[in-house]
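Notes follow the structure.
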Amino acid sequence: MSALLTLSHVTKIYRQGGMLGRRQIVAVKDVSFEIGNEPEILSIVGESGSGKSTIAAMILGQTAPTQGILQFRGKAVALHGKAERRAFMREVQPVLQNPFEAFNPLKRVDRYLFETARSFSAGARKPDRQQIERLADEALGHVGLSLAEVKGRFPHELSGGQLQRTAIARALIPQPRLLIADEPVSMVDASLRMAIVNLFEQLKHELGLSIVYITHDLATAYYISDRIIIMRKGEIVEQGEARKVLDNPQHSYSRALKEAVLSADFAPTA
Ligand SMILES: Nc1ncnc2c1ncn2[C@@H]1O[C@H](COP(=O)(O)OP(=O)(O)OP(=O)(O)O)[C@@H](O)[C@H]1O
């Protein structure tokens, strides 16, 4: 059986100034990794500009690699037709960085859930209002909310944490197999970060989801990842089982990254 997701020697070069532009930015360089069929959380960490978001965009089929191959369930992630794109999005869903950008401030958040439920609900018949509300409520239940709590509310009437949970619930409605979460906690209050990442772990177990968790935050990555990839300037410098890599980093850059976290976040208070 093919792996769920395979990246094989993937490179992405951005050319600035159009096709004839001289300046090239190698955002991702010869990156290879796999996500297997067992549910897992794979973190991709690295400093700003190391190519993390570009990898997310390529996995989501939003931008094509310059070289190399990305496959989902053994098929190239090259999405041309509308039907093909929809089938792919049913299985692979993004969770965006800033929930306040994901939702239009003038639109009630339940509308997003209902629209997603309407467009992704399985079966030939159009779901009725009751079914749509049930799907939204079920998805919200997985993130510790209920439809009653968000119904009729505008984004500013929810806390950042509630809004990010609602965004995650929306991503769950199509019953995806893989979530691509690009910096999902960077805009959330530090005190709520652990709660959101713990939620990822819970979703992995409850729903059999795999999650690509892209972050600067080594601490949360340490707690929830099965595996970790450390990137620098577009390249993978180290990858492996998260605890092993972070307990005993082999590469000098991984060690520096860990040192930086230890001195900033974990300085003893007493
Ligand atoms: N559309 C684009 N056009 C040109 N260059 C780009 C584009 N998108 C990203 N880049 C460049 O590619 C490199 C990798 O960027 P990317 O956003 O993937 O890194 P990142 O690790 O996600 O950074 P951050 O943590 O700040 O989001 C950077 O040098 C960036 O400036």
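Every chain in the structure tokens takes a letter, A first, then B, and so on in the order presented; its residues are numbered from 1, and the ligands are numbered from 1 following the presented order.
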
Show me which residues are within 10 Å of ligand 1 counting only C-alpha atoms and all ligand atoms, and format the list as a PDB file with C-alpha atoms, in the first residue's frame.
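What follows is the written file out_20.pdb:
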ATOM      1  CA  LYS A  12      10.726  25.043  -5.036  1.00  0.00           C
ATOM      2  CA  ILE A  13      12.385  28.016  -6.627  1.00  0.00           C
ATOM      3  CA  TYR A  14      10.629  31.369  -6.737  1.00  0.00           C
ATOM      4  CA  ARG A  15      11.727  33.700  -9.497  1.00  0.00           C
ATOM      5  CA  GLN A  16      11.375  37.344  -8.800  1.00  0.00           C
ATOM      6  CA  GLY A  17      10.635  39.772 -11.588  1.00  0.00           C
ATOM      7  CA  ARG A  23      16.762  36.748  -8.861  1.00  0.00           C
ATOM      8  CA  GLN A  24      15.928  33.249  -7.718  1.00  0.00           C
ATOM      9  CA  ILE A  25      14.899  32.232  -4.237  1.00  0.00           C
ATOM     10  CA  VAL A  26      15.381  28.590  -3.416  1.00  0.00           C
ATOM     11  CA  ALA A  27      12.597  28.273  -0.844  1.00  0.00           C
ATOM     12  CA  VAL A  28      12.736  24.461  -0.570  1.00  0.00           C
ATOM     13  CA  ILE A  44       8.123  20.782  10.721  1.00  0.00           C
ATOM     14  CA  VAL A  45      10.140  23.348  12.634  1.00  0.00           C
ATOM     15  CA  GLY A  46      12.707  25.925  11.631  1.00  0.00           C
ATOM     16  CA  GLU A  47      13.397  29.619  11.662  1.00  0.00           C
ATOM     17  CA  SER A  48      11.455  32.145   9.620  1.00  0.00           C
ATOM     18  CA  GLY A  49      12.075  31.744   5.896  1.00  0.00           C
ATOM     19  CA  SER A  50      13.239  28.138   6.145  1.00  0.00           C
ATOM     20  CA  GLY A  51      10.578  26.971   3.678  1.00  0.00           C
ATOM     21  CA  LYS A  52       7.922  25.545   6.010  1.00  0.00           C
ATOM     22  CA  SER A  53       4.941  27.393   4.539  1.00  0.00           C
ATOM     23  CA  THR A  54       6.113  26.647   1.019  1.00  0.00           C
ATOM     24  CA  ILE A  55       6.038  22.941   1.867  1.00  0.00           C
ATOM     25  CA  ALA A  56       2.504  23.365   3.264  1.00  0.00           C
ATOM     26  CA  ALA A  57       1.385  25.149   0.093  1.00  0.00           C
ATOM     27  CA  MET A  58       2.819  22.381  -2.096  1.00  0.00           C
ATOM     28  CA  THR A  63       1.698  25.822  -5.615  1.00  0.00           C
ATOM     29  CA  GLN A  97      -2.460  30.559  11.121  1.00  0.00           C
ATOM     30  CA  ASP A 182       0.620  26.053   9.414  1.00  0.00           C
ATOM     31  CA  GLU A 183       1.540  27.948  12.594  1.00  0.00           C
ATOM     32  CA  ILE A 214       4.262  23.587  11.134  1.00  0.00           C
ATOM     33  CA  THR A 215       5.649  25.745  13.872  1.00  0.00           C
ATOM     34  CA  HIS A 216       8.411  27.880  15.308  1.00  0.00           C
ATOM     35  CA  MET A 231      14.582  22.824   8.427  1.00  0.00           C
ATOM     36  CA  ARG A 232      17.078  25.499   7.674  1.00  0.00           C
ATOM     37  CA  LYS A 233      17.261  27.614   4.514  1.00  0.00           C
ATOM     38  CA  GLY A 234      14.978  25.273   2.591  1.00  0.00           C
TER      39      GLY A 234
END

Hey, could you make a per-residue contact list for segment 65-136 of chain A against segment 154-163 of chain A with 10 Å as the cut-off, showing the nearest pair of atoms and its distance in Å to one decimal, counting only C-alpha atoms, sorted by chain and number, as a Markdown table?
| residue | atom | partner | partner_atom | distance |
| --- | --- | --- | --- | --- |
| A:Asn98 | CA | A:Gly160 | CA | 9.0 |
| A:Pro99 | CA | A:Leu163 | CA | 6.0 |
| A:Phe100 | CA | A:Pro155 | CA | 7.0 |
| A:Glu101 | CA | A:Pro155 | CA | 9.7 |
| A:Ala102 | CA | A:Leu163 | CA | 9.4 |
| A:Phe103 | CA | A:Pro155 | CA | 6.7 |
| A:Asn104 | CA | A:Pro155 | CA | 7.5 |
| A:Pro105 | CA | A:Pro155 | CA | 5.7 |
| A:Leu106 | CA | A:Phe154 | CA | 6.8 |
| A:Lys107 | CA | A:Phe154 | CA | 6.1 |
| A:Arg108 | CA | A:Phe154 | CA | 4.4 |
| A:Val109 | CA | A:Phe154 | CA | 5.8 |
| A:Asp110 | CA | A:Phe154 | CA | 8.5 |
| A:Arg111 | CA | A:Phe154 | CA | 9.9 |

Write out as a CSV table (one decimal) with N, CA and C atoms, in the first residue's frame each polymer residue whose atoms come within 6 Å of Arg227 of chain A, counting only C-alpha atoms; drop sequence neighbours fewer than 6 positions from it.
chain,number,residue,atom,x,y,z
A,42,LEU,N,3.4,15.0,12.6
A,42,LEU,CA,4.7,15.3,12.1
A,42,LEU,C,4.9,16.8,12.2
A,240,GLY,N,13.5,12.7,12.4
A,240,GLY,CA,13.4,11.5,13.1
A,240,GLY,C,12.4,11.5,14.2
A,241,GLU,N,12.4,10.5,15.0
A,241,GLU,CA,11.5,10.5,16.1
A,241,GLU,C,11.7,11.7,17.0
A,242,ALA,N,10.5,12.4,17.3
A,242,ALA,CA,10.7,13.7,17.9
A,242,ALA,C,11.5,13.8,19.2

Among segment 182-214 of chain A, which residues carry a DSSP assignment of strand (DSSP E or B), reported as a PDB file with N, CA and C atoms, in the first residue's frame?
ATOM      1  N   ASP A 182      -0.543  25.179   9.564  1.00  0.00           N
ATOM      2  CA  ASP A 182       0.620  26.053   9.414  1.00  0.00           C
ATOM      3  C   ASP A 182       0.588  27.122  10.504  1.00  0.00           C
ATOM      4  N   SER A 210      -3.955  12.239  10.615  1.00  0.00           N
ATOM      5  CA  SER A 210      -2.548  12.632  10.680  1.00  0.00           C
ATOM      6  C   SER A 210      -2.478  14.139  10.534  1.00  0.00           C
ATOM      7  N   ILE A 211      -1.470  14.723  11.159  1.00  0.00           N
ATOM      8  CA  ILE A 211      -1.368  16.179  11.156  1.00  0.00           C
ATOM      9  C   ILE A 211       0.067  16.589  10.849  1.00  0.00           C
ATOM     10  N   VAL A 212       0.200  17.478   9.874  1.00  0.00           N
ATOM     11  CA  VAL A 212       1.488  18.125   9.655  1.00  0.00           C
ATOM     12  C   VAL A 212       1.416  19.437  10.427  1.00  0.00           C
ATOM     13  N   TYR A 213       2.221  19.537  11.463  1.00  0.00           N
ATOM     14  CA  TYR A 213       2.169  20.678  12.366  1.00  0.00           C
ATOM     15  C   TYR A 213       3.400  21.550  12.119  1.00  0.00           C
ATOM     16  N   ILE A 214       3.162  22.696  11.498  1.00  0.00           N
ATOM     17  CA  ILE A 214       4.262  23.587  11.134  1.00  0.00           C
ATOM     18  C   ILE A 214       4.372  24.669  12.189  1.00  0.00           C
TER      19      ILE A 214
END

Open item on the list: Could you check the closest approach to Gln175 of chain A for each of A:Met89, A:Val95, A:Val188, A:Ile229 and tell me which residue wins, using only C-alpha atoms?
Closed with: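 Result for the nearest residue to Gln175 of chain A: A:Met89.
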